[in-house]
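Asks: File name my_file-v2.tsv; file contents TSV, C-alpha atoms; full text below.
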chain	number	residue	atom	x	y	z
A	9	MET	CA	4.96	25.23	-27.50
A	10	LYS	CA	3.60	24.93	-23.93
A	11	LYS	CA	6.19	25.55	-21.22
A	12	ILE	CA	6.35	23.94	-17.79
A	13	ILE	CA	8.80	24.30	-14.92
A	14	LEU	CA	9.24	21.34	-12.59
A	15	THR	CA	10.67	21.85	-9.13
A	16	GLY	CA	11.41	19.83	-6.01
A	17	GLY	CA	14.50	18.62	-4.25
A	18	GLY	CA	16.43	17.65	-1.16
A	19	THR	CA	15.88	13.90	-1.46
A	20	ALA	CA	15.35	11.51	-4.37
A	21	GLY	CA	11.69	11.25	-3.32
A	22	HIS	CA	11.20	14.90	-4.28
A	23	VAL	CA	12.64	14.26	-7.75
A	24	THR	CA	11.70	10.80	-9.04
A	25	PRO	CA	7.97	11.58	-9.52
A	26	ASN	CA	8.97	14.55	-11.66
A	27	ILE	CA	11.23	12.27	-13.68
A	28	ALA	CA	8.32	9.83	-14.06
A	29	LEU	CA	6.24	12.61	-15.65
A	30	LEU	CA	8.90	13.63	-18.20
A	31	PRO	CA	8.06	11.20	-21.05
A	32	SER	CA	4.35	12.12	-20.98
A	33	LEU	CA	5.09	15.84	-20.73
A	34	LEU	CA	7.35	15.63	-23.77
A	35	GLN	CA	4.76	13.56	-25.66
A	36	ASN	CA	2.24	16.30	-24.86
A	37	SER	CA	4.55	18.89	-26.48
A	38	TYR	CA	5.73	20.59	-23.30
A	39	GLU	CA	9.05	22.40	-23.17
A	40	VAL	CA	10.35	21.32	-19.77
A	41	SER	CA	12.77	23.16	-17.46
A	42	TYR	CA	13.74	22.36	-13.88
A	43	ILE	CA	14.52	24.62	-10.92
A	44	GLY	CA	16.43	23.04	-8.06
A	45	SER	CA	19.17	23.73	-5.54
A	46	TYR	CA	22.88	24.16	-6.21
A	47	ASN	CA	24.07	20.87	-4.73
A	48	GLY	CA	20.99	18.72	-4.13
A	49	ILE	CA	20.55	15.22	-5.53
A	50	GLU	CA	18.00	16.67	-7.99
A	51	LYS	CA	20.79	18.40	-9.96
A	52	GLU	CA	22.52	15.14	-10.86
A	53	LEU	CA	19.28	13.27	-11.60
A	54	ILE	CA	17.75	15.97	-13.80
A	55	GLU	CA	20.91	16.73	-15.76
A	56	ALA	CA	21.18	12.98	-16.46
A	57	ALA	CA	17.68	13.21	-17.97
A	58	ASP	CA	18.95	15.96	-20.32
A	59	ILE	CA	16.52	18.61	-19.04
A	60	PRO	CA	17.66	22.27	-18.67
A	61	TYR	CA	18.48	22.82	-15.01
A	62	TYR	CA	18.52	26.13	-13.14
A	63	ALA	CA	19.89	26.34	-9.59
A	64	ILE	CA	18.71	28.83	-6.98
A	65	SER	CA	19.52	29.60	-3.36
A	66	SER	CA	17.53	27.58	-0.84
A	67	GLY	CA	17.39	27.71	2.94
A	68	LYS	CA	16.34	24.70	4.97
A	69	LEU	CA	13.02	24.98	6.80
A	70	ARG	CA	13.54	23.65	10.32
A	71	ARG	CA	11.10	22.79	13.10
A	72	TYR	CA	13.85	22.95	15.73
A	73	LEU	CA	16.19	25.60	17.18
A	74	ASP	CA	19.32	26.16	15.13
A	75	PHE	CA	21.52	29.21	14.50
A	76	LYS	CA	21.04	28.66	10.78
A	77	ASN	CA	17.39	29.58	11.28
A	78	LEU	CA	18.65	33.18	11.49
A	79	SER	CA	20.45	33.11	8.12
A	80	ASP	CA	18.33	30.73	6.06
A	81	PRO	CA	15.38	33.13	5.60
A	82	PHE	CA	17.78	35.39	3.71
A	83	LYS	CA	18.71	32.44	1.48
A	84	VAL	CA	15.02	31.88	0.77
A	85	LEU	CA	14.58	35.57	-0.10
A	86	LYS	CA	17.59	35.37	-2.42
A	87	GLY	CA	16.07	32.25	-3.99
A	88	LEU	CA	12.77	34.09	-4.42
A	89	GLY	CA	14.49	36.86	-6.36
A	90	GLN	CA	16.32	34.32	-8.52
A	91	ALA	CA	13.08	32.40	-9.16
A	92	ILE	CA	11.22	35.57	-10.19
A	93	ARG	CA	13.97	36.35	-12.70
A	94	LEU	CA	13.72	32.80	-14.05
A	95	MET	CA	9.93	33.14	-14.43
A	96	ARG	CA	10.44	36.26	-16.51
A	97	LYS	CA	13.18	34.62	-18.56
A	98	LEU	CA	11.57	31.21	-19.17
A	99	LYS	CA	7.95	32.43	-19.31
A	100	PRO	CA	6.37	29.12	-18.16
A	101	ASP	CA	2.67	28.46	-18.58
A	102	ILE	CA	2.49	26.35	-15.41
A	103	ILE	CA	4.60	25.05	-12.47
A	104	PHE	CA	4.54	21.52	-11.06
A	105	SER	CA	6.11	21.20	-7.62
A	106	LYS	CA	7.08	18.04	-5.72
A	107	GLY	CA	7.99	19.87	-2.54
A	108	GLY	CA	11.22	20.09	-0.60
A	109	PHE	CA	12.90	23.27	0.59
A	110	VAL	CA	13.89	24.55	-2.86
A	111	SER	CA	10.30	24.51	-4.10
A	112	VAL	CA	9.09	27.25	-1.70
A	113	PRO	CA	10.70	30.26	-3.44
A	114	VAL	CA	9.70	28.82	-6.83
A	115	VAL	CA	6.03	28.51	-5.87
A	116	PHE	CA	6.00	31.98	-4.27
A	117	ALA	CA	7.62	33.45	-7.39
A	118	ALA	CA	5.00	31.80	-9.59
A	119	LYS	CA	2.24	33.27	-7.42
A	120	LEU	CA	3.73	36.76	-7.71
A	121	CYS	CA	4.05	36.33	-11.48
A	122	HIS	CA	0.45	35.00	-11.81
A	123	ILE	CA	1.56	31.58	-13.07
A	124	PRO	CA	-0.64	28.61	-12.02
A	125	VAL	CA	0.93	26.03	-9.68
A	126	ILE	CA	0.10	22.36	-9.08
A	127	ILE	CA	1.65	20.67	-6.04
A	128	HIS	CA	2.12	16.98	-5.30
A	129	GLU	CA	2.29	15.79	-1.69
A	130	SER	CA	3.67	12.28	-1.31
A	131	ASP	CA	3.22	11.63	2.40
A	132	ILE	CA	0.08	11.14	4.45
A	133	THR	CA	0.54	14.52	6.16
A	134	PRO	CA	1.91	17.50	4.19
A	135	GLY	CA	5.52	18.48	4.77
A	136	LEU	CA	6.44	21.99	5.93
A	137	ALA	CA	7.48	23.16	2.46
A	138	ASN	CA	4.18	22.10	0.93
A	139	LYS	CA	2.21	23.55	3.87
A	140	LEU	CA	3.75	26.93	3.06
A	141	ALA	CA	3.11	26.49	-0.66
A	142	ILE	CA	-0.47	25.18	-0.61
A	143	PRO	CA	-2.13	28.64	-0.38
A	144	ALA	CA	-0.40	29.59	-3.66
A	145	ALA	CA	-1.43	26.39	-5.47
A	146	LYS	CA	-4.33	25.83	-7.84
A	147	LYS	CA	-4.49	22.08	-7.10
A	148	VAL	CA	-2.80	19.75	-4.62
A	149	CYS	CA	-2.29	16.12	-5.63
A	150	CYS	CA	-1.78	13.39	-3.02
A	151	ASN	CA	-0.91	9.69	-2.72
A	152	PHE	CA	-3.08	8.54	0.17
A	153	PRO	CA	-6.83	8.85	0.84
A	154	GLU	CA	-5.90	9.74	4.44
A	155	THR	CA	-4.19	12.93	3.16
A	156	LEU	CA	-7.39	14.51	1.80
A	157	LYS	CA	-8.53	15.64	5.25
A	158	TYR	CA	-5.35	17.73	5.64
A	159	LEU	CA	-5.87	19.63	2.37
A	160	PRO	CA	-8.28	22.37	1.23
A	161	LYS	CA	-11.29	20.49	-0.14
A	162	GLU	CA	-11.53	22.60	-3.29
A	163	LYS	CA	-7.87	21.97	-4.16
A	164	ALA	CA	-7.31	18.34	-3.15
A	165	ILE	CA	-7.05	15.59	-5.79
A	166	LEU	CA	-6.23	11.94	-5.01
A	167	THR	CA	-3.87	10.92	-7.83
A	168	GLY	CA	-1.43	8.42	-6.35
A	169	SER	CA	2.27	8.69	-7.12
A	170	PRO	CA	3.73	8.88	-10.64
A	171	ILE	CA	5.81	5.72	-11.15
A	172	ARG	CA	8.80	5.69	-13.49
A	173	GLN	CA	7.66	3.46	-16.33
A	174	GLU	CA	11.14	2.06	-16.95
A	175	LEU	CA	10.92	0.25	-13.59
A	176	PHE	CA	8.44	-2.15	-15.22
A	177	SER	CA	10.92	-3.18	-17.93
A	178	GLY	CA	13.72	-4.56	-15.75
A	179	ASN	CA	15.74	-7.59	-16.78
A	180	ALA	CA	16.59	-9.96	-13.92
A	181	GLU	CA	19.35	-11.67	-15.89
A	182	LYS	CA	21.14	-8.36	-16.43
A	183	ALA	CA	21.09	-7.69	-12.68
A	184	ARG	CA	22.30	-11.22	-11.94
A	185	ALA	CA	25.26	-10.74	-14.28
A	186	TYR	CA	25.97	-7.22	-12.96
A	187	CYS	CA	26.12	-8.52	-9.38
A	188	HIS	CA	27.91	-11.79	-10.27
A	189	PHE	CA	25.12	-13.83	-8.71
A	190	ASP	CA	24.06	-17.39	-9.52
A	191	GLU	CA	20.53	-18.77	-9.96
A	192	GLU	CA	20.49	-20.99	-6.86
A	193	LYS	CA	19.23	-18.55	-4.20
A	194	PRO	CA	16.52	-15.87	-4.07
A	195	THR	CA	17.63	-12.23	-3.97
A	196	LEU	CA	17.17	-9.73	-1.17
A	197	LEU	CA	17.34	-6.04	-2.21
A	198	VAL	CA	18.17	-3.57	0.59
A	199	ILE	CA	17.53	0.15	0.00
A	200	GLY	CA	18.36	2.63	2.76
A	201	GLY	CA	17.14	5.72	0.92
A	202	SER	CA	19.13	8.08	-1.31
A	203	THR	CA	21.56	8.96	1.52
A	204	GLY	CA	21.70	5.49	3.07
A	205	SER	CA	20.88	4.35	6.60
A	206	LYS	CA	23.56	3.38	9.12
A	207	ILE	CA	21.17	1.42	11.32
A	208	ILE	CA	19.91	-0.68	8.36
A	209	ASN	CA	23.44	-1.13	7.00
A	210	ASP	CA	24.69	-2.33	10.39
A	211	ALA	CA	21.75	-4.74	10.88
A	212	ILE	CA	22.20	-6.30	7.43
A	213	ARG	CA	25.96	-6.70	7.80
A	214	ALA	CA	25.63	-8.14	11.30
A	215	GLU	CA	23.47	-10.96	9.90
A	216	LEU	CA	25.31	-11.49	6.61
A	217	PRO	CA	26.47	-15.06	7.38
A	218	SER	CA	22.92	-16.16	8.26
A	219	LEU	CA	21.31	-14.26	5.39
A	220	LEU	CA	23.78	-15.52	2.80
A	221	ASN	CA	22.83	-19.11	3.67
A	222	LYS	CA	19.40	-18.40	2.15
A	223	TYR	CA	19.74	-15.28	-0.02
A	224	GLN	CA	21.92	-13.32	-2.35
A	225	ILE	CA	21.95	-9.67	-1.29
A	226	ILE	CA	22.02	-6.43	-3.25
A	227	HIS	CA	22.76	-3.66	-0.76
A	228	LEU	CA	22.28	0.02	-1.75
A	229	CYS	CA	24.03	1.48	1.28
A	230	GLY	CA	24.38	5.22	0.49
A	231	LYS	CA	27.30	7.48	-0.35
A	232	GLY	CA	30.41	6.80	1.72
A	233	ASN	CA	28.90	3.68	3.31
A	234	LEU	CA	30.66	0.87	1.43
A	235	ASP	CA	32.35	-1.62	3.75
A	236	ASN	CA	35.65	-2.96	2.41
A	237	ARG	CA	35.49	-5.96	4.74
A	238	PHE	CA	32.83	-7.47	2.48
A	239	HIS	CA	34.26	-6.43	-0.87
A	240	GLN	CA	34.93	-10.01	-1.98
A	241	THR	CA	32.01	-11.69	-0.18
A	242	LYS	CA	30.27	-14.12	-2.52
A	243	GLY	CA	26.57	-13.42	-2.97
A	244	TYR	CA	26.80	-9.89	-1.50
A	245	ALA	CA	26.91	-6.88	-3.85
A	246	GLN	CA	27.10	-3.43	-2.24
A	247	PHE	CA	26.69	-0.10	-4.06
A	248	GLU	CA	26.54	3.50	-2.86
A	249	TYR	CA	23.74	4.40	-5.27
A	250	ILE	CA	22.25	2.87	-8.40
A	251	SER	CA	20.33	4.63	-11.16
A	252	LYS	CA	19.90	2.95	-14.54
A	253	GLU	CA	20.47	-0.59	-13.20
A	254	LEU	CA	17.80	-0.22	-10.50
A	255	LYS	CA	14.99	-1.51	-12.74
A	256	ASP	CA	16.94	-4.74	-13.31
A	257	MET	CA	17.65	-5.12	-9.60
A	258	PHE	CA	13.95	-4.74	-8.83
A	259	ALA	CA	13.20	-7.42	-11.43
A	260	LEU	CA	15.65	-9.79	-9.74
A	261	ALA	CA	14.55	-9.03	-6.16
A	262	ASP	CA	12.30	-11.52	-4.36
A	263	ILE	CA	12.06	-9.41	-1.18
A	264	VAL	CA	12.92	-5.73	-0.60
A	265	VAL	CA	14.05	-4.10	2.65
A	266	SER	CA	13.42	-0.36	2.45
A	267	ARG	CA	12.86	2.89	4.27
A	268	ALA	CA	9.26	4.08	4.05
A	269	GLY	CA	9.47	7.21	1.93
A	270	ALA	CA	6.17	7.56	0.09
A	271	ASN	CA	7.50	7.38	-3.45
A	272	ALA	CA	9.72	4.40	-2.67
A	273	ILE	CA	6.88	2.37	-1.15
A	274	CYS	CA	4.51	3.29	-3.98
A	275	GLU	CA	7.07	1.85	-6.39
A	276	LEU	CA	7.19	-1.37	-4.36
A	277	LEU	CA	3.40	-1.53	-4.47
A	278	ALA	CA	3.27	-0.98	-8.22
A	279	LEU	CA	5.92	-3.68	-8.76
A	280	HIS	CA	4.18	-6.08	-6.32
A	281	LYS	CA	7.39	-6.64	-4.36
A	282	PRO	CA	7.03	-8.24	-0.89
A	283	ASN	CA	8.81	-5.91	1.48
A	284	ILE	CA	9.98	-5.05	4.98
A	285	LEU	CA	9.65	-1.34	5.77
A	286	ILE	CA	11.87	0.36	8.36
A	287	PRO	CA	10.54	3.92	8.69
A	288	LEU	CA	12.67	6.79	9.93
A	289	SER	CA	12.03	7.29	13.64
A	290	ALA	CA	9.97	10.20	14.94
A	291	ALA	CA	13.13	11.48	16.62
A	292	ALA	CA	14.88	11.81	13.25
A	293	SER	CA	11.92	13.07	11.20
A	294	ARG	CA	8.43	14.52	11.46
A	295	GLY	CA	7.04	10.97	11.58
A	296	ASP	CA	5.74	10.84	8.00
A	297	GLN	CA	7.47	7.54	7.20
A	298	ILE	CA	5.88	5.92	10.25
A	299	LEU	CA	2.41	6.91	9.03
A	300	ASN	CA	3.23	5.72	5.49
A	301	ALA	CA	4.43	2.36	6.79
A	302	LYS	CA	1.43	1.86	9.08
A	303	SER	CA	-0.93	2.54	6.17
A	304	PHE	CA	0.81	-0.07	4.01
A	305	GLU	CA	0.93	-2.56	6.90
A	306	LYS	CA	-2.80	-2.11	7.53
A	307	GLN	CA	-3.56	-2.81	3.86
A	308	GLY	CA	-1.46	-5.99	3.88
A	309	PHE	CA	1.25	-4.66	1.57
A	310	SER	CA	4.20	-4.58	3.99
A	311	TYR	CA	5.83	-5.98	7.11
A	312	VAL	CA	6.99	-3.12	9.36
A	313	ILE	CA	9.85	-2.93	11.85
A	314	GLU	CA	10.04	0.36	13.72
A	315	GLU	CA	13.57	1.75	13.85
A	316	GLU	CA	13.61	1.65	17.66
A	317	HIS	CA	12.98	-2.12	17.48
A	318	LEU	CA	15.42	-2.85	14.66
A	319	THR	CA	18.15	-5.33	15.53
A	320	ALA	CA	20.00	-7.85	13.43
A	321	LYS	CA	17.71	-10.54	14.86
A	322	SER	CA	14.42	-8.66	14.34
A	323	LEU	CA	15.44	-7.97	10.74
A	324	LEU	CA	16.27	-11.62	10.13
A	325	ASP	CA	12.97	-12.68	11.71
A	326	GLY	CA	11.06	-10.19	9.54
A	327	ILE	CA	12.71	-11.40	6.35
A	328	ASN	CA	11.86	-15.01	7.24
A	329	ILE	CA	8.21	-14.10	7.96
A	330	VAL	CA	7.81	-12.22	4.67
A	331	SER	CA	9.50	-15.08	2.79
A	332	LYS	CA	6.93	-17.53	4.16
A	333	GLN	CA	3.99	-15.20	3.43
A	334	LYS	CA	5.11	-13.86	0.05
A	335	LYS	CA	1.98	-15.01	-1.79
A	336	SER	CA	-0.29	-13.20	0.66
A	337	TYR	CA	1.61	-9.91	0.31
A	338	ILE	CA	1.66	-10.16	-3.50
A	339	SER	CA	-2.05	-10.96	-3.61
A	340	SER	CA	-2.91	-7.89	-1.48
A	341	MET	CA	-0.81	-5.64	-3.73
A	342	GLU	CA	-2.33	-7.09	-6.91
A	343	GLU	CA	-5.81	-6.33	-5.58
A	344	SER	CA	-4.97	-2.76	-4.53
A	345	GLY	CA	-6.33	-1.04	-7.66
A	346	GLN	CA	-3.36	1.13	-8.60
A	347	MET	CA	-4.32	4.51	-10.03
A	348	ASP	CA	-3.12	5.78	-13.42
A	349	SER	CA	-1.29	8.63	-11.70
A	350	ILE	CA	0.68	9.93	-14.65
A	351	HIS	CA	-2.39	10.24	-16.89
A	352	THR	CA	-4.39	11.94	-14.10
A	353	ILE	CA	-1.64	14.47	-13.33
A	354	ILE	CA	-1.02	15.28	-17.01
A	355	GLU	CA	-4.74	15.96	-17.39
A	356	LEU	CA	-4.62	18.29	-14.38
A	357	ILE	CA	-1.64	20.11	-15.85
A	358	ASN	CA	-3.40	20.53	-19.21
A	359	LYS	CA	-6.53	21.85	-17.46
A	360	GLY	CA	-4.41	24.15	-15.32
A	361	LEU	CA	-3.36	26.09	-18.40
A	362	HIS	CA	-6.90	27.37	-18.88
Now that the file is in, can you turn its structure into structure tokens?
Replies:
Amino acid sequence: MKKIILTGGGTAGHVTPNIALLPSLLQNSYEVSYIGSYNGIEKELIEAADIPYYAISSGKLRRYLDFKNLSDPFKVLKGLGQAIRLMRKLKPDIIFSKGGFVSVPVVFAAKLCHIPVIIHESDITPGLANKLAIPAAKKVCCNFPETLKYLPKEKAILTGSPIRQELFSGNAEKARAYCHFDEEKPTLLVIGGSTGSKIINDAIRAELPSLLNKYQIIHLCGKGNLDNRFHQTKGYAQFEYISKELKDMFALADIVVSRAGANAICELLALHKPNILIPLSAAASRGDQILNAKSFEKQGFSYVIEEEHLTAKSLLDGINIVSKQKKSYISSMEESGQMDSIHTIIELINKGLH
């Protein structure tokens, strides 16, 4: 049996594309293992998928001054040693990496053990982890045509993002029952990313009375961000994080408010969901979400509110604009020519064995 190790972690965006590949990998007779961090979100998500999970040490790669920059290289070296031992134990034929800090020692270990590596970069510009890993990779997959100019020409492949197929089989009635909603009003789905977003949470809750006049709201607010003041508010359902019910919530949603992580917005595109994107600010990130959002705005897929301009009023105005122009956004997304990413990546993996 062919053996593959998947890796990637730190945020849900570094894990969900790997999860999307799992059914096809298993259908293609791959024995799948996963290497991630000790406490990252990937551990919970992969173990729920019933895939063998191996944790290694991982240091964060920072672009700013921090005392931890002195100790984290030693964590990466420890992780490299652990990854090399896992390569020798598991004997994989190939590695597929989605990036994130934990993937760096895994990719380096594969290189040292002469195991081929394929990388997937979700954002328009490669993240630091993938920048370090690209020299060790055989191929580098990407989501956006704009990304190709940042990658080695002989390695770059435009594949798009693998989308979890179960998202297409959601049941709106199940979500309506789960949230105790009625059929009278359209539904607004708010997603602040896997860790939540205080600024989005505050803007939504500040306009709840106005929004609830027109919409029912599903609010995925992040761990520790539930607000007990609204626990009994009719038409408002708040959750820290949702996994298996998410497909039903997408099916019910008429409009989605979201951060602009690449995998999240590619899912919105594939599902043809009119959306408002609120990218992480350049002050809080390397600016990748801003580039992602601008690309989608330019193509007519999204309405964008930059975080610096986000207020309760600007959010309400944006939702009203998208509501009035829903057909235009849906039409643009339907005409986008989505790529068969999973099939393309599986083919690359199969070729990478030879």
Asks: Name the residues, using the chain letters and numbers of the file, that sit within 7 Å of (12.9, 4.7, 9.8) when counting all atoms listed in the file, and give them as a PyMOL selection string.
Replies: chain A and resi 267-268+286-289+297+314-315
Asks: Mind giving me the straight-line distance from CA of Arg172 (chain A) to CA of Glu355 (chain A) in Å, one decimal?
Replies: 17.4 Å
Asks: Near Ser177 (chain A), counting all atoms listed in the file, which residues have an atom at most 10 Å away, once you skip same-chain residues fewer than 4 positions from it, shown as an MDAnalysis selection string?
Replies: chainID A and resid 173 255:256 258:259
Asks: Of the residues A:Leu33, A:Leu219, A:Ile354, A:Cys274, which is the one nearest to Leu324 (chain A), using all atoms listed in the file?
Replies: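 Smallest separation from Leu324 (chain A) among the options: A:Leu219.
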Asks: Pick the closest to Phe104 (chain A) from A:Pro143, A:Pro194, A:Gly16, A:Pro134: which is it, counting only C-alpha atoms?
Replies: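 Of all the options, A:Gly16 lies closest to Phe104 (chain A).
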Asks: Please measure the separation of CA of Ser310 (chain A) and CA of Tyr223 (chain A), giving the value in Å to one decimal.
Replies: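 Computing it gives 19.3 Å between the two atoms.
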Asks: When you draw a straight line from CA of Ala28 (chain A) to CA of Glu174 (chain A), how long is it in Å?
Replies: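 CA of Ala28 (chain A) sits 8.8 Å away from CA of Glu174 (chain A).
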Asks: Set out as CSV a contact list for region 107-187 of chain A and region 94-101 of chain A with a cut-off of 9 Å, giving each residue of region 107-187 of chain A that qualifies its closest atom pair and distance in Å to one decimal, counting all atoms listed in the file, ordered by chain and rising residue number.
Replies:
residue,atom,partner,partner_atom,distance
A:Val114,CA,A:Met95,CA,8.7
A:Ala117,CA,A:Met95,CA,7.4
A:Ala118,CA,A:Met95,CA,7.0
A:Cys121,CA,A:Met95,CA,7.3
A:Ile123,CA,A:Asp101,CA,6.4
A:Pro124,CA,A:Asp101,CA,7.3
Asks: Counting only C-alpha atoms, what is within 9 Å of His22 (chain A), bar same-chain residues fewer than 5 positions away, as a PyMOL selection string?
Replies: chain A and resi 15-17+50+105-108+130+271
Asks: Kindly extract all protein, DNA and RNA residues lying within 10 Å of the coordinates (-5.0, 7.2, -8.4) given in the file, considering all atoms listed in the file, and supply them as a list in words.
Replies: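 Those residues, ordered by chain and then number, are Cys149, Cys150, Asn151, Phe152, Pro153, Ile165, Leu166, Thr167, Gly168, Ser169, Pro170, Gly345, Gln346, Met347, Asp348, Ser349, Ile350, His351, Thr352 and Ile353 of chain A.
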Asks: Using all atoms of region 9-21 of chain A that appear in the file, construct an axis-aligned enclosing box with 3 Å of padding on every side and provide its centre coordinates and edge lengths in Å, rounded to one decimal, as AutoDock Vina command-line options.
Replies:
--center_x 10.0 --center_y 18.4 --center_z -14.3 --size_x 18.8 --size_y 20.3 --size_z 32.3
Asks: Saving region 171-191 of chain A with C-alpha atoms, as a short mmCIF file (atom, residue, chain, number, x, y, z; two decimals), in the first residue's frame, what would that file be?
Replies:
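Final output, saved to decode-v6.cif:
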data_model
loop_
_atom_site.label_atom_id
_atom_site.label_comp_id
_atom_site.auth_asym_id
_atom_site.auth_seq_id
_atom_site.Cartn_x
_atom_site.Cartn_y
_atom_site.Cartn_z
CA ILE A 171 -12.90 21.94 -0.96
CA ARG A 172 -14.45 19.55 1.54
CA GLN A 173 -17.08 17.73 -0.49
CA GLU A 174 -19.45 17.37 2.45
CA LEU A 175 -20.00 21.16 2.36
CA PHE A 176 -22.05 20.64 -0.81
CA SER A 177 -24.49 18.27 0.93
CA GLY A 178 -25.80 20.58 3.66
CA ASN A 179 -29.42 20.51 4.77
CA ALA A 180 -30.90 23.94 5.51
CA GLU A 181 -33.80 22.48 7.49
CA LYS A 182 -31.41 20.71 9.86
CA ALA A 183 -29.61 24.00 10.54
CA ARG A 184 -32.92 25.81 11.04
CA ALA A 185 -33.98 23.24 13.63
CA TYR A 186 -30.54 23.23 15.29
CA CYS A 187 -30.64 27.01 15.71
CA HIS A 188 -34.38 27.17 16.57
CA PHE A 189 -35.02 29.53 13.67
CA ASP A 190 -38.25 30.07 11.74
CA GLU A 191 -38.73 30.39 7.97
#
